[in-house]
Amino acid sequence: MATHLLVDGYNLVGSAGMAVSAGSGRLEEARETLLKSLARYRQRKGHAITVVFDGWQGGLGAEHREFQSGVEVVYSKRGERADQVIQRLARLYGKDCAVVSSDHEIINAARAAGAFVIGAPEFRAKLLDRPSGTPALAFKELDRGEVDIVKRSKEKGGNPRKLPKAQRKRKHQLKEF
């Protein structure tokens, strides 16, 4: 299972509703907040984490890497997008990594490389240590006994209360994170 997390930094910042303009100081503040959250997550779960930020417009001529609280931070070089760096790293790690992004281009490339993909909002809930998926009132109608029995056609087989195999597999993979 995936042991190395590749995080699309600005994509995750944007999923939290913290999207700000590149010229403001709030962008740096949002980046620092994300790095602190990832460091706490790393201590809790023990996964190696690499977070990639864009440096293609104002970055250095070469890719810049640094470590902050055990989290590897990569700034792409000038002229290269963070998406390209993440795709390259996903090909390098293959099945041994999970990619956190909601960017379709990155998702497709990561899946092609065999990496496990977690959407930014889904990972954000895990990062904040909240259960993701269903809201608190999702099963309220079951509590009141207002269950409508759905009649399935005769050609359908299997347990109607059991999730499909693909969803069960994904749920099992997500438990690691």
# chains A, B, ... in the order shown; residues from 1 in each chain; ligands from 1
call {"tool": "residues_around", "arguments": {"residues": "A:Gly9", "least_positions_apart": "3", "cutoff": "7 Å", "atoms": "only C-alpha atoms", "output": "VMD selection string"}}
result
chain A and resid 12 to 13 51 to 53
call {"tool": "atom_distance", "arguments": {"atom1": "atom CA of A:Gln167", "atom2": "atom CA of A:Thr3"}}
result
20.6 Å
call {"tool": "residues_around", "arguments": {"residues": "stretch 78-89 of chain A", "least_positions_apart": "4", "cutoff": "12 Å", "atoms": "only C-alpha atoms", "output": "NGL selection string"}}
result
:A and (4-11 or 49-65 or 73-74 or 93-115 or 117)
call {"tool": "closest_residue", "arguments": {"among": "A:Arg40, A:Lys171, A:Lys162, A:Arg26", "to": "A:Gly70", "atoms": "only C-alpha atoms"}}
result
A:Arg40
call {"tool": "atom_distance", "arguments": {"atom1": "atom CA of A:Leu92", "atom2": "atom CA of A:Ala48"}}
result
14.7 Å
call {"tool": "atom_distance", "arguments": {"atom1": "atom CA of A:Lys36", "atom2": "atom CA of A:Arg91"}}
result
26.9 Å
call {"tool": "select_by_dssp", "arguments": {"residues": "stretch 37-132 of chain A", "states": "helix (DSSP H, G or I)", "output": "VMD selection string"}}
result
chain A and resid 37 to 45 82 to 96 104 to 112 120 to 127
